[in-house]
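Chemist: Dropping the structure in here first, questions after.
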Amino acid sequence: MPADGGIGAANKRREDVRFLTGKGNYTDDINVRGQAYVVFLRSQVANGVLNSVDTSAAAEMPGVLRIFTGADFVEVGGVPCGWCVTDRHGEPMQEPKHPVLADGKVRYVGDAIAAVVAETEAQARNAAEMIELDIDELPAVVDMKAALIDGSPKVHEELTSNLCYDWGFVEENKGAVEQAMQDAAHVTTLELVNNRLVANPMEPRVAIGDYDAAAGDSTLYTTTQNPHVIRLLMGAFVLGIPEHKLRVIAPDVGGGFGSKIFHYAEEALCTFAAKALNRPVKWTCQRSESFITDAHGRDHVTKIELALDADNNFTAVRTDTHANMGAYLSTFAPSVPTWLHGTLMAGNYKTPVIYVNVKAVFTNTVPVDAYRGAGRPEASYQLERVIDKAARELGVDAIALRRQNFITEFPYATPVAVEYDTGDYNATMDKMIEISDLAGFEARRAESAKKGLLRGLGVNCYIEACGIAPSNLAGQLGARAGLYESATVRVNATGGLVVMTGSHSHGQGHETSFPQVVADMIGIDPAMIEIVHGDTARTPMGMGTYGSRSLAVGGSAIVRATEKIIAKAKKIAAHLMEAADGDIELKDGTFSVAGTDKSVAWGDVTLAAYVPHNYPLEDIEPGLEETAFYDPANFTYPSGAYSCEVEVDPDTGKVTICKFSAADDFGNIVNPMIVDGQVHGGIGQGIGQALLEHAIYDDDGQLVNGSYMDYAMPRADDMPFFSVDHSCQTPCTHNPLGVKGCGEAGAIGSPPAVVNAVVDALQRAGHDVTHIDMPLSPNRVWSAMNKA
Amino acid sequence: MSNIHVTTTVNGDSVEFLCDPRETLLDVLRDRLTLTGAKEGCGTGDCGACSVMLDGRLVSSCLVLGAEAEGKTIETVEGMANGEELHPLQRKIIEHAALQCGVCTPGILVAAKALLEKNPDPSESEIRFWLAGNLCRCTGYDKIIRAIQDAAAEMRGAA
């Protein structure tokens, strides 16, 4: 460990003391003097014509201040979508209106119809029950393929159908892929479901709107991963409030996993209501409400075909995917099954031609958007599953088949429009084989057999694209926002620093890792550096935290701003020591003149910057504060190899994970302890997807398992200890830190490992089972083993 | 409905409060006593984020009424440290970085402390089963289990 606590040091997380002593400051811990409470009345039917909302009785209930309905928002903008996908015919996607409160139609169970503001939450809740609704219920559209049949009920009458877009990628490759399929020595086909999930951060969403009538300023406290994005979307597109009159504060946020990226109607409602009532208005989402209002994740149905030549080289991949959008387009929903998914279909392999077709479909369900990994887990899962199936069909070793097809030369331009800068897939495979003691598998399998349990081994690779994203590229692909990141570094007179970042930490430990970067560059104690985030009034415009981007993009902005600080500080030091700028060296927080014993300390220079008595005022301004915006040149491409060993109980079908190993290449590492935790958490969620989690809708569009009683969240007794390693490091070539991002890898790499392992266990026991859809519940596994 | 007057002991201090008879102990702790360490993760007793000790028994404070605290002793995460000196569980969680967003952490700490008071030398699976009532979405539980094992070892050594 570096002695200075800089880059590479396992510094203890400085945010932990407040969390461990109950002193965190989460949005629900904030109460603004005079606040009222809002409760939403939500649709209990999935599809229906909303004829009327009678609030007269409710308005007379004790404590009620105001009841808002769709009529109040007719003059207000709708909730915007931040990404427009162009379909395979060059046409823009179908984009329905998304009102803040339902206007004439309800489209999913949970769709907000009215918002009751009262003195207390209980009063608001009681009053909401008194609202009389006149709804003509219509048949619900839940199944994606059924939704595309002519004559199916439409989610949005104003659209031509329930098809949001039909996307082909790369459209020009379609013929070449068809030809390769015909010419192939072998084609392996697999149809699978990537199950719908609910992100379920432990902190439900909360929003508090506040309004300063004297100044005309609005403030929104909200549980978001990206306060500036919310300010822009809500201010510009929904409420018409310019940025300088709107402040968005996201204090401690209790996890997000994607679900807190998006701008939600409740945020706009609270901000709107606070101004209308001239009182702060607070909304705290209940967990049952969160299940039917937080954007869900995944929900793809895919057919994938892998073509191989007679030497088992991959010659083509073709996929056909239906992706559920839910009832409305959430903020980044259209990008997930397309640009975050199709561009990853090369995986770690040199497949020459690839064609991805995605049909995005509206259904009467909660909107679906990015959830940890967002498109990349879906890509990785289908590819690594079909490779495993191909190896079995061909009777070859699954690891050898992968190695044979690995990309080994970099940079590598894939046939799906991205260029991998670095990677070493054999190295992570070797490392995984080592840390998982693959050689000992047969002995462990024999031990399991003695207990009457079927042991299986699953292996897979993954690649992902993160560090999202080059703004010009994202713009070409349909993003309606830039995807740079920002940092302001303010050096104080006595030498301490405040770094104001546009990134947001909601569990990632930025308050610890970001100072390590700055401390390393200057050569000072990280304790001298404080991180400010989560407040649009205190941080420069930044795009926030998602897509494993905060260190690669946000950290790079911090590096750029710190470089400017150092350059200016060297000029000041040169003046103080009467030397030339170019002769100044900075090491361990001391400026010296090269080749001499002259030096000044960091604190001498920072003091001179603010007390410029002896200072080159003719050349530079006083003060020491710099801002940088960093726009990445490319995505980053973390990769790795994972393995999972399971025991299947043949009597019950229950799967137990015995061993899980992950060898990741994240490029350079700033804080290995934090990286371990990020990987663990991702694996935990991936195992949850593979074995336990599934948001299930019935035919009427009711979410049947919308509580922790019914939705199987992974618990401590479902998990093994993990073995993780990130010593294989091929640094990113295009950002100054050489980092790639580690936040989503675990969730991307783990589901195929688990499913491959269970199929392996059953195959070894003589069961002709080639696939089971996630989650691999005991029922599904037992049924697969005991099918007629 | 008129409020109820309740006298209770919280983290060793005698406390009095008025609460609505329908108000949960969690709401009383958070909104009336400004002890916001306990969190509402579900409100149905399924996530453990609101765990506190009530007369020495581990409870979900979202399932207890504030009025039920009358004459009882409550311990919350805010009472775990001895002034500036962190409880060994708190220290070990920092050493292992066994938390991320921090929302489940107060409940995990209260639950783990309750476990170690009953069983100073729990096995890995005993810890996992004891904590099965405390959901954590960030960590995959790995470091939490290791930190508790480590704290248990230290506390046994110190005893």
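Here, A, B, ... name the chains of the structure tokens in the order displayed, residue numbers run from 1 inside each chain, and ligands are numbered from 1 in the same displayed order.
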May I have the residues within 7 Å of range 44-58 of chain B as a list in words, using only C-alpha atoms and disregarding those fewer than 4 positions away in the same chain?

Modeler: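 The neighbour list is Tyr708 and Met709 of chain A; Leu26, Ala38, Lys39, Glu40, Cys62, Leu63, Lys72, Thr73, Ile74, Glu75, Thr76, Val103, Cys104, Pro106, Gly107, Val110, Ala111, Ala114, Gly133, Asn134 and Leu135 of chain B.
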
Chemist: Could you work out which residues of chain A fall inside 8 Å of chain B? Count only C-alpha atoms, and format the result as a ChimeraX atom specification.

Modeler: /A:12-13,16-17,19-24,29,200-204,252-255,286-288,506-509,673-674,677-678,680-685,708-709,713-717,719-722

Chemist: May I have all residues of range 445-584 of chain A that DSSP, computed from the backbone, assigns to strand (DSSP E), given as a PDB file with N, CA and C atoms, in the first residue's frame?

Modeler:
```pdb
ATOM      1  N   LEU A 454     -25.768 -32.540  -6.488  1.00  0.00           N
ATOM      2  CA  LEU A 454     -25.209 -32.459  -7.838  1.00  0.00           C
ATOM      3  C   LEU A 454     -24.406 -31.184  -7.947  1.00  0.00           C
ATOM      4  N   ARG A 455     -23.087 -31.341  -8.142  1.00  0.00           N
ATOM      5  CA  ARG A 455     -22.260 -30.143  -8.239  1.00  0.00           C
ATOM      6  C   ARG A 455     -22.015 -29.806  -9.699  1.00  0.00           C
ATOM      7  N   GLY A 456     -22.049 -28.505  -9.995  1.00  0.00           N
ATOM      8  CA  GLY A 456     -21.792 -28.046 -11.362  1.00  0.00           C
ATOM      9  C   GLY A 456     -20.864 -26.854 -11.356  1.00  0.00           C
ATOM     10  N   LEU A 457     -20.216 -26.673 -12.497  1.00  0.00           N
ATOM     11  CA  LEU A 457     -19.262 -25.579 -12.650  1.00  0.00           C
ATOM     12  C   LEU A 457     -19.687 -24.720 -13.837  1.00  0.00           C
ATOM     13  N   GLY A 458     -19.776 -23.442 -13.607  1.00  0.00           N
ATOM     14  CA  GLY A 458     -20.085 -22.513 -14.701  1.00  0.00           C
ATOM     15  C   GLY A 458     -18.971 -21.495 -14.831  1.00  0.00           C
ATOM     16  N   VAL A 459     -18.599 -21.263 -16.070  1.00  0.00           N
ATOM     17  CA  VAL A 459     -17.525 -20.314 -16.350  1.00  0.00           C
ATOM     18  C   VAL A 459     -18.036 -19.363 -17.426  1.00  0.00           C
ATOM     19  N   ASN A 460     -17.636 -18.117 -17.342  1.00  0.00           N
ATOM     20  CA  ASN A 460     -17.959 -17.210 -18.443  1.00  0.00           C
ATOM     21  C   ASN A 460     -17.028 -16.013 -18.420  1.00  0.00           C
ATOM     22  N   CYS A 461     -17.068 -15.267 -19.502  1.00  0.00           N
ATOM     23  CA  CYS A 461     -16.344 -14.005 -19.588  1.00  0.00           C
ATOM     24  C   CYS A 461     -17.367 -12.885 -19.704  1.00  0.00           C
ATOM     25  N   TYR A 462     -16.914 -11.684 -19.605  1.00  0.00           N
ATOM     26  CA  TYR A 462     -17.781 -10.558 -19.922  1.00  0.00           C
ATOM     27  C   TYR A 462     -16.905  -9.422 -20.403  1.00  0.00           C
ATOM     28  N   ILE A 463     -17.522  -8.553 -21.165  1.00  0.00           N
ATOM     29  CA  ILE A 463     -16.923  -7.248 -21.417  1.00  0.00           C
ATOM     30  C   ILE A 463     -18.030  -6.243 -21.249  1.00  0.00           C
ATOM     31  N   GLU A 485     -18.124  15.189 -17.557  1.00  0.00           N
ATOM     32  CA  GLU A 485     -18.220  15.400 -16.109  1.00  0.00           C
ATOM     33  C   GLU A 485     -17.371  16.612 -15.743  1.00  0.00           C
ATOM     34  N   SER A 486     -17.619  17.134 -14.558  1.00  0.00           N
ATOM     35  CA  SER A 486     -17.009  18.407 -14.169  1.00  0.00           C
ATOM     36  C   SER A 486     -16.364  18.316 -12.799  1.00  0.00           C
ATOM     37  N   ALA A 487     -15.443  19.230 -12.543  1.00  0.00           N
ATOM     38  CA  ALA A 487     -14.872  19.356 -11.200  1.00  0.00           C
ATOM     39  C   ALA A 487     -14.344  20.769 -11.015  1.00  0.00           C
ATOM     40  N   THR A 488     -14.573  21.291  -9.839  1.00  0.00           N
ATOM     41  CA  THR A 488     -13.916  22.527  -9.424  1.00  0.00           C
ATOM     42  C   THR A 488     -13.032  22.188  -8.232  1.00  0.00           C
ATOM     43  N   VAL A 489     -11.767  22.559  -8.323  1.00  0.00           N
ATOM     44  CA  VAL A 489     -10.853  22.358  -7.199  1.00  0.00           C
ATOM     45  C   VAL A 489     -10.558  23.731  -6.601  1.00  0.00           C
ATOM     46  N   ARG A 490     -10.946  23.900  -5.365  1.00  0.00           N
ATOM     47  CA  ARG A 490     -10.722  25.166  -4.662  1.00  0.00           C
ATOM     48  C   ARG A 490      -9.661  24.924  -3.591  1.00  0.00           C
ATOM     49  N   VAL A 491      -8.542  25.619  -3.752  1.00  0.00           N
ATOM     50  CA  VAL A 491      -7.486  25.515  -2.735  1.00  0.00           C
ATOM     51  C   VAL A 491      -7.676  26.680  -1.782  1.00  0.00           C
ATOM     52  N   LEU A 497      -8.001  21.701   0.562  1.00  0.00           N
ATOM     53  CA  LEU A 497      -8.691  21.760  -0.727  1.00  0.00           C
ATOM     54  C   LEU A 497     -10.131  21.290  -0.600  1.00  0.00           C
ATOM     55  N   VAL A 498     -10.975  21.898  -1.398  1.00  0.00           N
ATOM     56  CA  VAL A 498     -12.330  21.405  -1.553  1.00  0.00           C
ATOM     57  C   VAL A 498     -12.505  21.054  -3.026  1.00  0.00           C
ATOM     58  N   VAL A 499     -12.953  19.840  -3.280  1.00  0.00           N
ATOM     59  CA  VAL A 499     -13.196  19.417  -4.661  1.00  0.00           C
ATOM     60  C   VAL A 499     -14.690  19.295  -4.853  1.00  0.00           C
ATOM     61  N   MET A 500     -15.222  20.103  -5.753  1.00  0.00           N
ATOM     62  CA  MET A 500     -16.655  20.079  -6.029  1.00  0.00           C
ATOM     63  C   MET A 500     -16.869  19.310  -7.327  1.00  0.00           C
ATOM     64  N   THR A 501     -17.561  18.205  -7.210  1.00  0.00           N
ATOM     65  CA  THR A 501     -17.675  17.306  -8.365  1.00  0.00           C
ATOM     66  C   THR A 501     -19.118  17.199  -8.826  1.00  0.00           C
ATOM     67  N   ILE A 529      -8.211  17.125   1.967  1.00  0.00           N
ATOM     68  CA  ILE A 529      -9.088  17.322   0.805  1.00  0.00           C
ATOM     69  C   ILE A 529     -10.508  16.884   1.143  1.00  0.00           C
ATOM     70  N   GLU A 530     -11.439  17.743   0.864  1.00  0.00           N
ATOM     71  CA  GLU A 530     -12.852  17.467   1.136  1.00  0.00           C
ATOM     72  C   GLU A 530     -13.598  17.404  -0.201  1.00  0.00           C
ATOM     73  N   ILE A 531     -14.545  16.478  -0.290  1.00  0.00           N
ATOM     74  CA  ILE A 531     -15.336  16.357  -1.521  1.00  0.00           C
ATOM     75  C   ILE A 531     -16.728  16.934  -1.286  1.00  0.00           C
ATOM     76  N   VAL A 532     -17.162  17.777  -2.187  1.00  0.00           N
ATOM     77  CA  VAL A 532     -18.533  18.298  -2.154  1.00  0.00           C
ATOM     78  C   VAL A 532     -19.263  17.753  -3.370  1.00  0.00           C
ATOM     79  N   ILE A 584      10.469  24.438 -11.978  1.00  0.00           N
ATOM     80  CA  ILE A 584       9.834  24.089 -10.696  1.00  0.00           C
ATOM     81  C   ILE A 584       9.364  22.636 -10.728  1.00  0.00           C
TER      82      ILE A 584
END
```

Chemist: Report the closest atom pair, with its distance in Å rounded to one decimal, for each residue of range 647-755 of chain A that has an atom no farther than 12 Å from range 439-451 of chain A; count only C-alpha atoms, sort by chain and then rising residue number, and write it as CSV.

Modeler:
```
residue,atom,partner,partner_atom,distance
A:Glu647,CA,A:Ser448,CA,7.1
A:Val648,CA,A:Ser448,CA,9.3
A:Asp649,CA,A:Lys451,CA,9.4
A:Pro650,CA,A:Ala449,CA,10.7
A:Thr656,CA,A:Ser448,CA,11.3
A:Cys658,CA,A:Arg444,CA,10.0
A:Lys659,CA,A:Phe441,CA,10.4
```

Chemist: Store the residues of this selection in a file with N, CA and C atoms, as a compact mmCIF listing (two decimals), in the first residue's frame.

Modeler:
```
# COMPACT_ATOMS: atom_id res chain seq x y z
N GLU A 647 -24.27 -26.37 -5.91
CA GLU A 647 -24.80 -27.70 -5.58
C GLU A 647 -26.31 -27.65 -5.79
N VAL A 648 -26.81 -28.62 -6.53
CA VAL A 648 -28.25 -28.73 -6.75
C VAL A 648 -28.75 -29.93 -5.96
N ASP A 649 -29.80 -29.66 -5.18
CA ASP A 649 -30.42 -30.75 -4.43
C ASP A 649 -31.40 -31.46 -5.38
N PRO A 650 -31.12 -32.72 -5.75
CA PRO A 650 -31.97 -33.38 -6.75
C PRO A 650 -33.40 -33.61 -6.24
N THR A 656 -27.64 -24.14 -4.35
CA THR A 656 -26.81 -23.43 -3.39
C THR A 656 -25.50 -23.05 -4.07
N CYS A 658 -21.82 -22.50 -3.93
CA CYS A 658 -20.76 -22.94 -3.02
C CYS A 658 -19.52 -22.06 -3.15
N LYS A 659 -19.30 -21.55 -4.33
CA LYS A 659 -18.02 -20.90 -4.59
C LYS A 659 -18.25 -19.92 -5.73
```
